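Chemist: My structure is below; once you've seen it, I'll send some questions.
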Amino acid sequence: MEHKHQVIVVGGGPAGLNAAKYAANAGCEVALLDSATRLGGQYWRNTGNEIEDQATHHDFDQGSLLMDAVTANPRITHYPNTTIWSAAILDDEITLRTQDDVFSTTRLILATGAYDRSLPFPGWDIPGVMTAGAAQSLLKGEGVIAGKRIVVAGSGPFLLPVASGITSHGGKVVGVIEAAGRFAWLPEILTLLQNPTKISEGLGYLLTLRKAKVAMRFKQAVVAAHAGADGLLDSITVANIDAEFRIKSTYSLQCDVAAIGWGFTPDTSLAGALGLKEEVAADGSVVVVVDDNQCATSPQPEVQVFAAGEITGIGGSGLSLAEGAIAGLSAAASRTNLRQLKKLRRRAHRFALTLQRVYSIPAGWQSWLTPETIICRCEEVNYEAIQDVSEKFGADDARSAKLMTRCGMGMCQGRICSRNVADLLNSPDSDRIKGVYRPIIAPITLGELAQDGLL
Amino acid sequence: MITFTFNGLELTARTGQSVAAALLSHNERITRLTRISGKPRGIFCGIGVCFDCLIIIDGKPNQRSCITEVKEGMVVVTQDGA
Amino acid sequence: MNTNADAIVIGAGIIGATTALALTNAGMKVLVIDRGNIASGTTSAGEGNILVSDKAPGPELDLALRSRDAWFEIQEDIGGGFELEAKGGLVVARSESGVVGLRALTSVQRQAGIDAQDVSEADLRALEPHLSHSITDGALYPQDSQCQPMLAAAEILRAVRMRGGEFIAGANVTAINTSNGAVTGVVTSEGTFNAPIIVNATGTWAGQIAELAGSSLPIAPRRGFILVSVPTRKIIFHKVYDAEYVANVSSGEADLQSSAVVEGTQSGTILIGASRERVGFKDGIDFEILRVLARQAIALFPILADIQLLRAYRGFRPYAPDHLPVIGEDPLFKGFWHNAGHEGAGIGLAPASAQLIVDGILGRTSFMDATPFSPTRFTRGEVS
């Protein structure tokens with residue numbers, strides 16, 4: 001079926017929800033497309049069971065208020081379970097295709113969010129090693145505790161809600177392993193203090209963990225995982241690391257789940273397919289370039305594309321909400337409260353940059369790799385094969401590595417490995433941006449593609 | 001509660017749960033064996049991004065178990081290779 | 001910058017790589033330069049076809065037959081590593097007129113030296129169990145082969161470097177120096193390199209390189225898309241295509257032409273080509289073309305309807321007005337050799353084209369008369 005809408009918002013997380021709300025309140029007719037069944041995105045992921053959900057979310061009240069407002073707004077049509085496989089700008093119109101429908105508009109707001117950044121290490125492909133986000137989504141979205149002895153590791157403030165959520169639901173967290181130092185935030189104390197809600201949120205998690213006697217370990221990282229006879233995760237090697245993440249000493253820890261997160265990677269697949277201008281942010285991730293009104297650089301000026309939330313740079317829910325609101329207002333050509341929102345955004349942005357500095361990822365993780373370490377999980381390309389491309393063929397660019405080893409060519413289309421491969425090859429920004437280009441955004445069967453009717 | 005089968009074994013799941021979560025709650029952690037080395041894989045990203053938890057559902061391979069809702073009578077089978 | 005190269009090859013695609021290897025094996029010291037990296041143009045945008053089946057008798061078929069064997073000689077020479085496989089081509093016909101046309105084609109092809117075997121319906125099923133039941137006739141071409149072109153270019157250039165040659169990536173040619181009607185060197189973003197022989201192996205961009213020297217070549221891009229499936233178990237065993245493809249390959253029409261070419265690869269993916277249209281260097285993905293390709297592929301193999309599409313990519317095939325490659329010395333400048341314009345057959349035709357170039361440079365008698373490919377045919381007014 002074909003659907004035409006005045007404004008289309010893609011993504012039902014904080015940025016997308018706020019964008020839809022602000023655009024609708026400014027008088028626009030809005031379609032909100034989301035791949036999930038329920039609104040909320042990864043941040044306000046929920047099971048749909050109110051009592052359970054409130055228990056797992058610190059600020060679920062804010063989220064449910066916003067979700068209720070969006071659901072109740074007669075100007076907003078919510079399309080759940082909507083996975084876009086292709087996007088194009090043709091004849092002054094933006095066209096988004098799903099398996100059964102075509103959505104078109106001249107004003108698009110992208111709020112497609114982010115996913116966990118993963119670093120490779122020996123054994124990271126063993127079942128039981130997962131992202132911190134996976135453990136969180138199992139808990140928040142599915143009501144399932146990921147394992148019996150869980151290690152939460154990596155770097156960044158996200159580890160705390162993951163560990164504390166598991167703990168408060170009766171799960172056993174055998175350790176929280178943070179790569180940054182215990183007082184890494186100290187130099188940034190002034191900025192942090194300007195965000196008292198975030199501080200109190202963090203303290204709440206720490207309190208939960210302390211009550212449950214969960215050990216917090218700093219300047220450490222999971223550098224290897226080991227499988228038992230059943231092929232499942234049995235233990236991990238934890239290293240004391242220096243400021244560059246190089247290994248100083250190691251010890252072993254028994255666990256059946258290692259939930260590891262190294263911050264987040266923006267999901268700019270849709271933006272890239274539309275040909276929006278992208279750049280490499282300070283943290284090394286590829287982000288959508290936007291102006292002061294969250295307007296992206298569209299290859300065809302007749303259509304307007306806005307971007308909000310994590311895809312313009314990792315910044316958390318506060319920044320996403322502010323950017324979403326501004327994008328919604330801009331799409332509706334309204335200026336109500338715009339100045340105030342921009343002030344909010346500025347503060348949230350400063351906070352986000354501070355966190356990125358505190359939890360930055362130096363290149364020392366590359367020393368954890370062995371020649372056999374899998375880099376591309378889909379095509380099972382190891383570290384040695386990637387090094388071979390430059391040594392054997394004299395080509396050291398990401399594209400050559402991809403075409404010669406098949407790394408990044410598998411099912412996930414480089415979503416997990418392309419950033420790491422770019423780091424390993426020390427790729428220039430242009431290669432990093434090309435590395436996230438995926439004209440087919442989600443797999444579609446040839447039969448679906450061949451179907452009559454929809455163009 | 002709904003019932004589905006995994007490799008012929010009858011299992012229960014909560015309505016609305018993903019296939020991966022339902023399997024995990026029965027301590028089933030392997031969704032597929034890889035195409036090249038035949039190594040086991042399971043849930044990794046949990047949100048449909050990494051395509052590692054692929055599984056065969058009702059005869060269709062390459063289904064992402066972490067974002068596919070389990071349905072009554074579903075036939076789920078470990079994916080061996082491609 | 002000074003180099004003591006005997007010859008400079010511009011372009012590190014499959015044509016440039018095979019030319020460099022042939023020159024090196026003839027005892028010359030070769031410098032290969034490319035504005036990008038190895039195989040960053042059309043070479044990496046194709047399926048890696050090494051076909052004799054899609055050629056009618058004529059000079060291009062003679063080139064293709066020699067080239068097909070030359071590929072296996074290169075494998076022997078450098079040790080492989082590029083997934084060369086004589087998988088065989090299976091051309092099928094669905095309409096009555098298609099069957100008649102195919103039988104006529106195989107008959108003349110056999111006379112020209114191609115191993116073309118008419119296949120009965122029962123044998124078709126044995127060759128390709130998942131082929132649509134509506135297809136009743138076909139022809140098997142055991143000589144048809146395939147390689148992974150990116151790896152082929154890389155492995156060949158590696159052999160060139162190991163045998164004394166040099167490769168410089170990221171060197172964009174900005175001028176070609178000439179003196180007294182002969183080329184003397186190239187000016188690039190990475191410096192100036194001098195040599196008495198310069199080979200233009202820049203495919204779709206060969207016309208632009210010719211112009212830098214003050215010459216010209218009428219080579220234009222023809223856009224093509226290829227669909228790539230998710231890795232799957234082996235369900236397609238040959239390179240399978242509709243007989244109509246042969247007509248499209250040699251067509252001069254500008255509009256979209258497409259007839260699906262379906263094949264499995266060693267990495268488990270299934271490739272579906274090949275559309276052809278003359279739209280200049282037009283960017284982006286055209287979903288109507290992808291749809292047509294998907295439909296045609298499913299018409300050949302209904303089982304494909306349930307297979308997921310993973311990627312799609314496009315390339316620009318270089319073609320000359322008469323659809324023959326351009327192989328030979330420039331009509332205006334001595335020492336300036338062109339090896340380009342192979343359209344969708346560049347991988348297959350590369351080794352023999354390289355041989356023609358080397359034999360031409362050395363003044364040797366080659367395995368065939370290269371006159372039909374000569375760049376002078378455009379200035380002589382034979383082709384407009």
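Every chain in the structure tokens has a letter given in the order shown (A, B, ...), and although residue numbers restart at 1 in each chain, ligands are simply numbered from 1 in the order shown.
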Applying 9 Å and only C-alpha atoms, which residues near region 316-329 of chain A remain after dropping the ones on its own chain fewer than 2 positions away? List them as a compact mmCIF listing (two decimals) with C-alpha atoms, in the first residue's frame.
Modeler:
```txt
# COMPACT_ATOMS: atom_id res chain seq x y z
CA VAL A 7 5.94 14.55 7.96
CA VAL A 9 9.47 10.31 11.60
CA GLY A 13 12.92 6.29 20.84
CA PRO A 14 13.26 9.55 22.78
CA ALA A 15 14.30 11.63 19.73
CA GLY A 16 11.67 10.23 17.39
CA LEU A 17 8.87 10.43 19.93
CA ASN A 18 9.63 14.05 20.74
CA ALA A 19 10.03 14.92 17.06
CA ALA A 20 6.60 13.45 16.31
CA LYS A 21 5.04 15.20 19.26
CA TYR A 22 6.46 18.64 18.49
CA ALA A 23 5.71 18.44 14.77
CA ALA A 24 2.14 17.32 15.47
CA ASN A 25 1.57 19.98 18.12
CA ALA A 26 2.74 22.56 15.60
CA TYR A 43 16.05 3.49 25.87
CA ILE A 109 12.90 13.17 10.39
CA ALA A 111 15.85 9.27 14.61
CA GLY A 113 19.30 5.66 17.19
CA ASP A 292 21.35 24.45 14.02
CA ASN A 293 17.78 23.35 13.22
CA GLN A 294 18.72 19.64 13.00
CA CYS A 295 18.41 19.88 9.23
CA PHE A 306 16.15 16.24 9.59
CA ALA A 307 18.17 14.07 11.91
CA ALA A 308 17.89 13.87 15.66
CA GLY A 309 19.25 11.82 18.53
CA GLU A 310 22.15 9.39 18.50
CA ILE A 314 26.16 9.83 20.72
CA ALA A 331 9.94 20.26 10.11
CA ALA A 332 6.75 22.12 11.01
CA ALA A 333 8.47 25.48 10.36
CA SER A 334 7.53 26.59 13.87
CA ARG A 335 9.68 28.64 16.24
CA THR A 336 7.69 28.15 19.44
CA ASN A 337 10.10 27.59 22.35
CA LEU A 338 12.87 27.06 19.83
CA LEU A 341 15.10 24.12 23.37
CA LYS A 342 18.38 25.09 21.76
CA LEU A 344 18.70 22.77 26.53
CA ARG A 345 20.39 21.06 23.62
CA ARG A 346 23.58 23.05 24.15
CA ARG A 347 23.81 21.94 27.77
CA ALA A 348 23.03 18.32 26.94
CA HIS A 349 25.60 18.39 24.17
CA PHE A 351 27.47 16.87 28.94
CA ALA A 352 27.63 14.31 26.13
```
Chemist: As a count of residues only, which residues of chain B does DSSP assign to strand (DSSP E)?
Modeler: 28
Chemist: Report as a ChimeraX atom specification the set of chain A residues whose atoms approach chain C to within 8 Å, with distances computed over only C-alpha atoms.
Modeler: /A:392-395,397,400,403-404,410-411,438-440,442-451,455
Chemist: Specify as a PDB file with C-alpha atoms, in the first residue's frame all residues of chain B found within 12 Å of chain A, counting only C-alpha atoms.
Modeler:
```
ATOM      1  CA  ALA B  13       7.159 -19.002  26.213  1.00  0.00           C
ATOM      2  CA  ARG B  14       5.463 -15.877  27.436  1.00  0.00           C
ATOM      3  CA  THR B  15       3.253 -14.074  24.941  1.00  0.00           C
ATOM      4  CA  GLY B  16       5.202 -11.296  23.264  1.00  0.00           C
ATOM      5  CA  GLN B  17       8.617 -12.776  23.968  1.00  0.00           C
ATOM      6  CA  SER B  18      11.251 -13.033  21.271  1.00  0.00           C
ATOM      7  CA  VAL B  19      12.402 -16.461  20.118  1.00  0.00           C
ATOM      8  CA  ALA B  20      15.887 -15.778  21.515  1.00  0.00           C
ATOM      9  CA  ALA B  21      14.540 -14.780  24.931  1.00  0.00           C
ATOM     10  CA  ALA B  22      12.223 -17.771  25.064  1.00  0.00           C
ATOM     11  CA  LEU B  23      15.127 -20.094  24.238  1.00  0.00           C
ATOM     12  CA  LEU B  24      17.375 -18.391  26.783  1.00  0.00           C
ATOM     13  CA  SER B  25      14.809 -18.816  29.526  1.00  0.00           C
ATOM     14  CA  HIS B  26      15.127 -22.566  28.882  1.00  0.00           C
ATOM     15  CA  ASN B  27      18.915 -22.180  28.931  1.00  0.00           C
ATOM     16  CA  GLU B  28      19.163 -22.815  25.191  1.00  0.00           C
ATOM     17  CA  ARG B  29      21.999 -20.529  24.124  1.00  0.00           C
ATOM     18  CA  ILE B  30      22.995 -21.751  20.680  1.00  0.00           C
ATOM     19  CA  THR B  31      20.899 -20.538  17.770  1.00  0.00           C
ATOM     20  CA  ARG B  32      23.162 -21.494  14.894  1.00  0.00           C
ATOM     21  CA  LEU B  33      26.438 -23.042  13.789  1.00  0.00           C
ATOM     22  CA  THR B  34      28.527 -20.850  11.511  1.00  0.00           C
ATOM     23  CA  ARG B  35      28.830 -21.494   7.796  1.00  0.00           C
ATOM     24  CA  ILE B  36      32.600 -21.665   7.585  1.00  0.00           C
ATOM     25  CA  SER B  37      33.991 -23.092  10.826  1.00  0.00           C
ATOM     26  CA  GLY B  38      30.799 -24.622  12.225  1.00  0.00           C
ATOM     27  CA  LYS B  39      31.206 -22.824  15.551  1.00  0.00           C
ATOM     28  CA  PRO B  40      28.196 -22.150  17.785  1.00  0.00           C
ATOM     29  CA  ARG B  41      26.687 -18.679  18.014  1.00  0.00           C
ATOM     30  CA  GLY B  42      23.918 -17.195  20.077  1.00  0.00           C
ATOM     31  CA  ILE B  43      22.345 -13.883  20.944  1.00  0.00           C
ATOM     32  CA  PHE B  44      24.879 -11.050  20.691  1.00  0.00           C
ATOM     33  CA  CYS B  45      23.427  -7.576  20.117  1.00  0.00           C
ATOM     34  CA  GLY B  46      19.884  -8.412  21.142  1.00  0.00           C
ATOM     35  CA  ILE B  47      18.324  -5.744  18.947  1.00  0.00           C
ATOM     36  CA  GLY B  48      18.468  -7.113  15.407  1.00  0.00           C
ATOM     37  CA  VAL B  49      21.673  -5.413  14.303  1.00  0.00           C
ATOM     38  CA  CYS B  50      24.345  -8.130  14.286  1.00  0.00           C
ATOM     39  CA  PHE B  51      22.528 -11.055  12.585  1.00  0.00           C
ATOM     40  CA  ASP B  52      24.370 -13.509  14.808  1.00  0.00           C
ATOM     41  CA  CYS B  53      21.346 -15.144  16.455  1.00  0.00           C
ATOM     42  CA  LEU B  54      20.030 -16.411  13.118  1.00  0.00           C
ATOM     43  CA  LYS B  60      12.771 -20.192   6.850  1.00  0.00           C
ATOM     44  CA  PRO B  61      16.488 -19.746   7.544  1.00  0.00           C
ATOM     45  CA  ASN B  62      18.276 -16.520   8.531  1.00  0.00           C
ATOM     46  CA  GLN B  63      15.554 -15.292  10.887  1.00  0.00           C
ATOM     47  CA  ARG B  64      16.794 -13.001  13.650  1.00  0.00           C
ATOM     48  CA  CYS B  66      16.154 -11.676  18.995  1.00  0.00           C
ATOM     49  CA  ILE B  67      13.531  -9.615  17.185  1.00  0.00           C
ATOM     50  CA  THR B  68      11.115 -12.315  16.031  1.00  0.00           C
ATOM     51  CA  GLU B  69       8.189 -12.792  18.355  1.00  0.00           C
ATOM     52  CA  VAL B  70       7.552 -16.391  19.296  1.00  0.00           C
ATOM     53  CA  GLY B  81      25.614 -23.283   8.316  1.00  0.00           C
ATOM     54  CA  ALA B  82      23.755 -21.191   5.779  1.00  0.00           C
TER      55      ALA B  82
END
```
Chemist: Excluding region 7-19 of chain C and any residue of its chain fewer than 4 positions from it, enumerate the residues within 7 Å of it, using only C-alpha atoms, and give them as a ChimeraX atom specification.
Modeler: /C:23,29-34,38-41,43,149,153,156-157,195-202,346-347,350-351,354
Chemist: Report as a list in words all protein, DNA and RNA residues lying within 6 Å of Val91 (chain C), evaluated on only C-alpha atoms, omitting residues in the same chain fewer than 5 positions from it.
Modeler: Gly138, Ala139, Val240, Tyr241, Asp242 and Ala243 of chain C
Chemist: Would you please work out which residue, of A:Gly275, A:Pro122, A:Gly40, A:Gly12, is nearest to Thr82 (chain A) when using only C-alpha atoms?
Modeler: A:Gly12
Chemist: I'd like the contact shell of Gly203 (chain C) - 6 Å cut-off, only C-alpha atoms, skipping same-chain residues fewer than 3 positions apart - returned as a PyMOL selection string.
Modeler: chain C and resi 206+318+340-341
Chemist: Only C-alpha atoms, please: the residues just picked out, written as a short mmCIF file (atom, residue, chain, number, x, y, z; two decimals), in the first residue's frame.
Modeler:
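Ended up saving to again-v4.cif:
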```cif
data_model
loop_
_atom_site.label_atom_id
_atom_site.label_comp_id
_atom_site.auth_asym_id
_atom_site.auth_seq_id
_atom_site.Cartn_x
_atom_site.Cartn_y
_atom_site.Cartn_z
CA ALA C 206 40.17 5.55 -20.90
CA PRO C 318 33.39 0.67 -20.65
CA ALA C 340 40.33 -0.70 -22.67
CA GLY C 341 36.68 -0.80 -23.64
#
```
Chemist: Can you pull out every residue within 12 Å of Asp234 (chain A), counting only C-alpha atoms, but drop anything in the same chain fewer than 5 positions away, and send it as number ranges by chain?
Modeler: A: 123, 126-129, 147-151, 224-229, 252-258
